[in-house]
Amino acid sequence: MWLIFIALQVYATKEAERDSMRCFLMLCVVLALGGVNNAIVGGPMMALLDDSVEAGYRSDMELYYSVIWNVSSLAGPIVALVLFYTTKNEWTMDEEKVSCRWGARWDRWERKSARKEKFRRERGA
């Protein structure tokens with residue numbers, strides 16, 4: 001489901017145009033699928049993460065995961081504030097597409113960082 005979410009997000013961002021109800025509805029569907037995906041995958045994913053880490057390191061892994069999650073959650077609004085300040089809230093469609101793409105890249109980086117930390121812990125490095 002996550003791949004469908006990312007593919008639809010990329011497609012909706014690529015096809016976005018000003019004052020288009022079709023694009024608006026497509027983005028709403030993409031966000032709804034993202035929420036469903038997080039609701040379905042979130043709990044089992046955390047259980048797998050906890051089960052894949054040695055007993056003595058579980059709290060460390062939870063700490064790393066929480067820090068990465070909170071930093072990325074904080075970074076989005078900060079980037080948005082900087083963009084709003086620098087552009088004086090005047091956006092072109094190309095600038096909005098770039099913003100959406102950077103958000104998707106940040107999400108991918110966050111997930112990759114959590115996986116790398118998990119593998120580092122498993123190897124005992």
# chains A, B, ... in the order shown; residues from 1 in each chain; ligands from 1
$ residues_around --residues "A:Glu122" --least-positions-apart "4" --cutoff "12 Å" --atoms "only C-alpha atoms" --output "ChimeraX atom specification"
/A:49-58,61,115-118
$ write_last_selection --atoms "N, CA and C atoms" --output "CSV table (one decimal), in the first residue's frame"
chain,number,residue,atom,x,y,z
A,49,LEU,N,9.7,-3.9,14.8
A,49,LEU,CA,10.9,-3.1,15.2
A,49,LEU,C,11.4,-3.6,16.6
A,50,ASP,N,10.4,-3.6,17.5
A,50,ASP,CA,10.7,-4.0,18.9
A,50,ASP,C,11.2,-5.5,18.9
A,51,ASP,N,10.6,-6.4,18.2
A,51,ASP,CA,11.0,-7.8,18.2
A,51,ASP,C,12.3,-8.0,17.5
A,52,SER,N,12.7,-7.2,16.6
A,52,SER,CA,13.9,-7.4,15.9
A,52,SER,C,15.2,-6.9,16.6
A,53,VAL,N,15.0,-6.2,17.7
A,53,VAL,CA,16.1,-5.6,18.4
A,53,VAL,C,16.3,-6.4,19.7
A,54,GLU,N,17.5,-6.6,20.1
A,54,GLU,CA,17.8,-7.4,21.3
A,54,GLU,C,17.2,-6.7,22.5
A,55,ALA,N,16.8,-7.5,23.5
A,55,ALA,CA,16.1,-7.0,24.7
A,55,ALA,C,16.7,-5.8,25.3
A,56,GLY,N,18.0,-5.8,25.4
A,56,GLY,CA,18.7,-4.7,26.1
A,56,GLY,C,18.7,-3.3,25.3
A,57,TYR,N,18.4,-3.4,24.0
A,57,TYR,CA,18.5,-2.2,23.2
A,57,TYR,C,17.2,-1.7,22.7
A,58,ARG,N,16.1,-2.3,23.2
A,58,ARG,CA,14.8,-1.9,22.7
A,58,ARG,C,14.5,-0.4,23.1
A,61,MET,N,16.4,1.9,20.8
A,61,MET,CA,15.8,1.9,19.4
A,61,MET,C,14.5,2.8,19.4
A,115,ARG,N,15.8,2.3,9.5
A,115,ARG,CA,16.2,1.0,9.1
A,115,ARG,C,17.7,0.8,9.3
A,116,LYS,N,18.5,1.8,8.9
A,116,LYS,CA,20.0,1.7,9.1
A,116,LYS,C,20.3,1.6,10.5
A,117,GLU,N,19.7,2.3,11.4
A,117,GLU,CA,19.9,2.2,12.8
A,117,GLU,C,19.6,0.8,13.3
A,118,LYS,N,18.5,0.2,12.8
A,118,LYS,CA,18.1,-1.1,13.3
A,118,LYS,C,19.2,-2.1,12.8
$ closest_residue --among "A:Val41, A:Val30, A:Val67, A:Met21" --to "A:Ala7" --atoms "only C-alpha atoms"
A:Val30
$ closest_residue --among "A:Ile4, A:Ser59, A:Trp102, A:Leu48" --to "A:Ala32" --atoms "only C-alpha atoms"
A:Ile4
$ closest_residue --among "A:Ser72, A:Leu8, A:Leu83, A:Ile78" --to "A:Arg105" --atoms "only C-alpha atoms"
A:Ser72
$ residues_around --residues "A:Ser99" --least-positions-apart "6" --cutoff "12 Å" --atoms "only C-alpha atoms" --output "ChimeraX atom specification"
/A:10,13-14,76-77,79-80,82-84,91-93,105-106
$ atom_distance --atom1 "atom CA of A:Met45" --atom2 "atom CA of A:Arg123"
20.0 Å
$ residues_around --residues "A:Ala104" --least-positions-apart "5" --cutoff "10 Å" --atoms "only C-alpha atoms" --output "PyMOL selection string"
chain A and resi 6+9-10+98-99+109-110
$ atom_distance --atom1 "atom CA of A:Ser20" --atom2 "atom CA of A:Glu96"
14.3 Å
$ select_by_dssp --residues "chain A" --states "alpha helix (DSSP H)" --output "number ranges by chain"
A: 2-15, 21-51, 58-87, 93-123
$ decode --residues "chain A" --atoms "C-alpha atoms" --output "PDB file, in the first residue's frame"
ATOM      1  CA  MET A   1       0.000   0.000   0.000  1.00  0.00           C
ATOM      2  CA  TRP A   2       2.908   2.344   0.719  1.00  0.00           C
ATOM      3  CA  LEU A   3       4.121   2.021  -2.881  1.00  0.00           C
ATOM      4  CA  ILE A   4       0.631   2.861  -4.156  1.00  0.00           C
ATOM      5  CA  PHE A   5       0.593   5.899  -1.874  1.00  0.00           C
ATOM      6  CA  ILE A   6       3.983   7.136  -3.140  1.00  0.00           C
ATOM      7  CA  ALA A   7       3.102   6.458  -6.786  1.00  0.00           C
ATOM      8  CA  LEU A   8      -0.180   8.365  -6.481  1.00  0.00           C
ATOM      9  CA  GLN A   9       1.548  11.200  -4.653  1.00  0.00           C
ATOM     10  CA  VAL A  10       4.139  11.526  -7.413  1.00  0.00           C
ATOM     11  CA  TYR A  11       1.456  11.328 -10.110  1.00  0.00           C
ATOM     12  CA  ALA A  12      -0.817  13.853  -8.389  1.00  0.00           C
ATOM     13  CA  THR A  13       2.081  16.252  -7.866  1.00  0.00           C
ATOM     14  CA  LYS A  14       3.224  15.898 -11.472  1.00  0.00           C
ATOM     15  CA  GLU A  15      -0.262  16.444 -12.887  1.00  0.00           C
ATOM     16  CA  ALA A  16      -1.197  19.276 -10.533  1.00  0.00           C
ATOM     17  CA  GLU A  17      -2.507  22.456 -12.119  1.00  0.00           C
ATOM     18  CA  ARG A  18      -4.082  25.583 -10.741  1.00  0.00           C
ATOM     19  CA  ASP A  19      -7.837  25.582  -9.961  1.00  0.00           C
ATOM     20  CA  SER A  20      -8.305  21.944 -10.888  1.00  0.00           C
ATOM     21  CA  MET A  21     -10.948  20.053  -8.909  1.00  0.00           C
ATOM     22  CA  ARG A  22      -9.619  16.779 -10.322  1.00  0.00           C
ATOM     23  CA  CYS A  23      -6.133  17.453  -8.910  1.00  0.00           C
ATOM     24  CA  PHE A  24      -7.600  18.546  -5.572  1.00  0.00           C
ATOM     25  CA  LEU A  25      -9.636  15.353  -5.273  1.00  0.00           C
ATOM     26  CA  MET A  26      -6.651  13.257  -6.326  1.00  0.00           C
ATOM     27  CA  LEU A  27      -4.507  14.837  -3.614  1.00  0.00           C
ATOM     28  CA  CYS A  28      -7.285  14.235  -1.054  1.00  0.00           C
ATOM     29  CA  VAL A  29      -7.370  10.555  -2.032  1.00  0.00           C
ATOM     30  CA  VAL A  30      -3.573  10.364  -1.773  1.00  0.00           C
ATOM     31  CA  LEU A  31      -3.614  11.872   1.724  1.00  0.00           C
ATOM     32  CA  ALA A  32      -6.455   9.556   2.791  1.00  0.00           C
ATOM     33  CA  LEU A  33      -4.507   6.524   1.535  1.00  0.00           C
ATOM     34  CA  GLY A  34      -1.462   7.764   3.416  1.00  0.00           C
ATOM     35  CA  GLY A  35      -3.496   7.934   6.625  1.00  0.00           C
ATOM     36  CA  VAL A  36      -4.930   4.459   6.100  1.00  0.00           C
ATOM     37  CA  ASN A  37      -1.454   3.152   5.335  1.00  0.00           C
ATOM     38  CA  ASN A  38      -0.031   4.653   8.527  1.00  0.00           C
ATOM     39  CA  ALA A  39      -2.915   3.275  10.591  1.00  0.00           C
ATOM     40  CA  ILE A  40      -2.547  -0.235   9.192  1.00  0.00           C
ATOM     41  CA  VAL A  41       1.223  -0.428   9.080  1.00  0.00           C
ATOM     42  CA  GLY A  42       2.171   1.684  12.111  1.00  0.00           C
ATOM     43  CA  GLY A  43       1.340  -0.760  14.918  1.00  0.00           C
ATOM     44  CA  PRO A  44       2.718  -3.927  13.335  1.00  0.00           C
ATOM     45  CA  MET A  45       5.772  -2.021  12.141  1.00  0.00           C
ATOM     46  CA  MET A  46       6.594  -0.919  15.685  1.00  0.00           C
ATOM     47  CA  ALA A  47       6.039  -4.479  16.948  1.00  0.00           C
ATOM     48  CA  LEU A  48       8.433  -5.825  14.291  1.00  0.00           C
ATOM     49  CA  LEU A  49      10.947  -3.140  15.168  1.00  0.00           C
ATOM     50  CA  ASP A  50      10.745  -4.030  18.869  1.00  0.00           C
ATOM     51  CA  ASP A  51      10.959  -7.767  18.191  1.00  0.00           C
ATOM     52  CA  SER A  52      13.948  -7.421  15.860  1.00  0.00           C
ATOM     53  CA  VAL A  53      16.092  -5.632  18.445  1.00  0.00           C
ATOM     54  CA  GLU A  54      17.838  -7.360  21.317  1.00  0.00           C
ATOM     55  CA  ALA A  55      16.085  -6.995  24.663  1.00  0.00           C
ATOM     56  CA  GLY A  56      18.710  -4.652  26.125  1.00  0.00           C
ATOM     57  CA  TYR A  57      18.536  -2.236  23.185  1.00  0.00           C
ATOM     58  CA  ARG A  58      14.784  -1.853  22.686  1.00  0.00           C
ATOM     59  CA  SER A  59      14.517   1.359  24.654  1.00  0.00           C
ATOM     60  CA  ASP A  60      17.483   2.788  22.711  1.00  0.00           C
ATOM     61  CA  MET A  61      15.800   1.941  19.420  1.00  0.00           C
ATOM     62  CA  GLU A  62      12.544   3.505  20.570  1.00  0.00           C
ATOM     63  CA  LEU A  63      14.489   6.619  21.535  1.00  0.00           C
ATOM     64  CA  TYR A  64      16.183   6.838  18.111  1.00  0.00           C
ATOM     65  CA  TYR A  65      12.896   6.256  16.353  1.00  0.00           C
ATOM     66  CA  SER A  66      11.150   8.926  18.431  1.00  0.00           C
ATOM     67  CA  VAL A  67      13.935  11.452  17.883  1.00  0.00           C
ATOM     68  CA  ILE A  68      13.964  10.876  14.112  1.00  0.00           C
ATOM     69  CA  TRP A  69      10.164  11.071  14.001  1.00  0.00           C
ATOM     70  CA  ASN A  70      10.032  14.281  16.055  1.00  0.00           C
ATOM     71  CA  VAL A  71      12.873  15.972  14.171  1.00  0.00           C
ATOM     72  CA  SER A  72      11.217  15.248  10.843  1.00  0.00           C
ATOM     73  CA  SER A  73       7.854  16.382  12.203  1.00  0.00           C
ATOM     74  CA  LEU A  74       9.455  19.613  13.346  1.00  0.00           C
ATOM     75  CA  ALA A  75      11.430  20.156  10.145  1.00  0.00           C
ATOM     76  CA  GLY A  76       8.335  20.296   7.929  1.00  0.00           C
ATOM     77  CA  PRO A  77       6.750  23.325   9.608  1.00  0.00           C
ATOM     78  CA  ILE A  78      10.115  25.079   9.884  1.00  0.00           C
ATOM     79  CA  VAL A  79      10.789  24.616   6.167  1.00  0.00           C
ATOM     80  CA  ALA A  80       7.247  25.809   5.408  1.00  0.00           C
ATOM     81  CA  LEU A  81       7.756  28.938   7.525  1.00  0.00           C
ATOM     82  CA  VAL A  82      11.020  29.726   5.759  1.00  0.00           C
ATOM     83  CA  LEU A  83       9.412  29.193   2.363  1.00  0.00           C
ATOM     84  CA  PHE A  84       6.423  31.365   3.251  1.00  0.00           C
ATOM     85  CA  TYR A  85       8.719  34.105   4.532  1.00  0.00           C
ATOM     86  CA  THR A  86      11.057  34.067   1.535  1.00  0.00           C
ATOM     87  CA  THR A  87       8.327  33.842  -1.118  1.00  0.00           C
ATOM     88  CA  LYS A  88       5.916  36.277   0.592  1.00  0.00           C
ATOM     89  CA  ASN A  89       3.248  33.587   0.146  1.00  0.00           C
ATOM     90  CA  GLU A  90       3.328  33.947  -3.632  1.00  0.00           C
ATOM     91  CA  TRP A  91       3.633  30.468  -5.081  1.00  0.00           C
ATOM     92  CA  THR A  92       3.801  29.133  -8.606  1.00  0.00           C
ATOM     93  CA  MET A  93       2.726  25.591  -9.386  1.00  0.00           C
ATOM     94  CA  ASP A  94       6.347  24.585 -10.013  1.00  0.00           C
ATOM     95  CA  GLU A  95       7.371  25.834  -6.565  1.00  0.00           C
ATOM     96  CA  GLU A  96       4.518  23.915  -4.955  1.00  0.00           C
ATOM     97  CA  LYS A  97       5.541  20.755  -6.804  1.00  0.00           C
ATOM     98  CA  VAL A  98       9.112  21.152  -5.556  1.00  0.00           C
ATOM     99  CA  SER A  99       7.805  21.524  -2.002  1.00  0.00           C
ATOM    100  CA  CYS A 100       5.783  18.292  -2.283  1.00  0.00           C
ATOM    101  CA  ARG A 101       8.742  16.419  -3.733  1.00  0.00           C
ATOM    102  CA  TRP A 102      11.034  17.547  -0.909  1.00  0.00           C
ATOM    103  CA  GLY A 103       8.448  16.365   1.609  1.00  0.00           C
ATOM    104  CA  ALA A 104       8.382  12.928  -0.007  1.00  0.00           C
ATOM    105  CA  ARG A 105      12.194  12.797  -0.025  1.00  0.00           C
ATOM    106  CA  TRP A 106      12.327  13.721   3.656  1.00  0.00           C
ATOM    107  CA  ASP A 107       9.860  10.943   4.485  1.00  0.00           C
ATOM    108  CA  ARG A 108      11.951   8.440   2.553  1.00  0.00           C
ATOM    109  CA  TRP A 109      15.123   9.610   4.364  1.00  0.00           C
ATOM    110  CA  GLU A 110      13.419   9.234   7.740  1.00  0.00           C
ATOM    111  CA  ARG A 111      12.393   5.648   7.027  1.00  0.00           C
ATOM    112  CA  LYS A 112      15.829   4.779   5.645  1.00  0.00           C
ATOM    113  CA  SER A 113      17.542   6.220   8.749  1.00  0.00           C
ATOM    114  CA  ALA A 114      15.403   4.105  11.070  1.00  0.00           C
ATOM    115  CA  ARG A 115      16.217   0.970   9.055  1.00  0.00           C
ATOM    116  CA  LYS A 116      19.956   1.729   9.061  1.00  0.00           C
ATOM    117  CA  GLU A 117      19.944   2.182  12.827  1.00  0.00           C
ATOM    118  CA  LYS A 118      18.101  -1.116  13.250  1.00  0.00           C
ATOM    119  CA  PHE A 119      20.656  -2.991  11.140  1.00  0.00           C
ATOM    120  CA  ARG A 120      23.542  -1.278  12.958  1.00  0.00           C
ATOM    121  CA  ARG A 121      22.131  -2.479  16.284  1.00  0.00           C
ATOM    122  CA  GLU A 122      21.596  -6.005  14.979  1.00  0.00           C
ATOM    123  CA  ARG A 123      25.236  -6.258  13.880  1.00  0.00           C
ATOM    124  CA  GLY A 124      26.381  -4.897  17.228  1.00  0.00           C
ATOM    125  CA  ALA A 125      28.313  -2.043  15.635  1.00  0.00           C
TER     126      ALA A 125
END
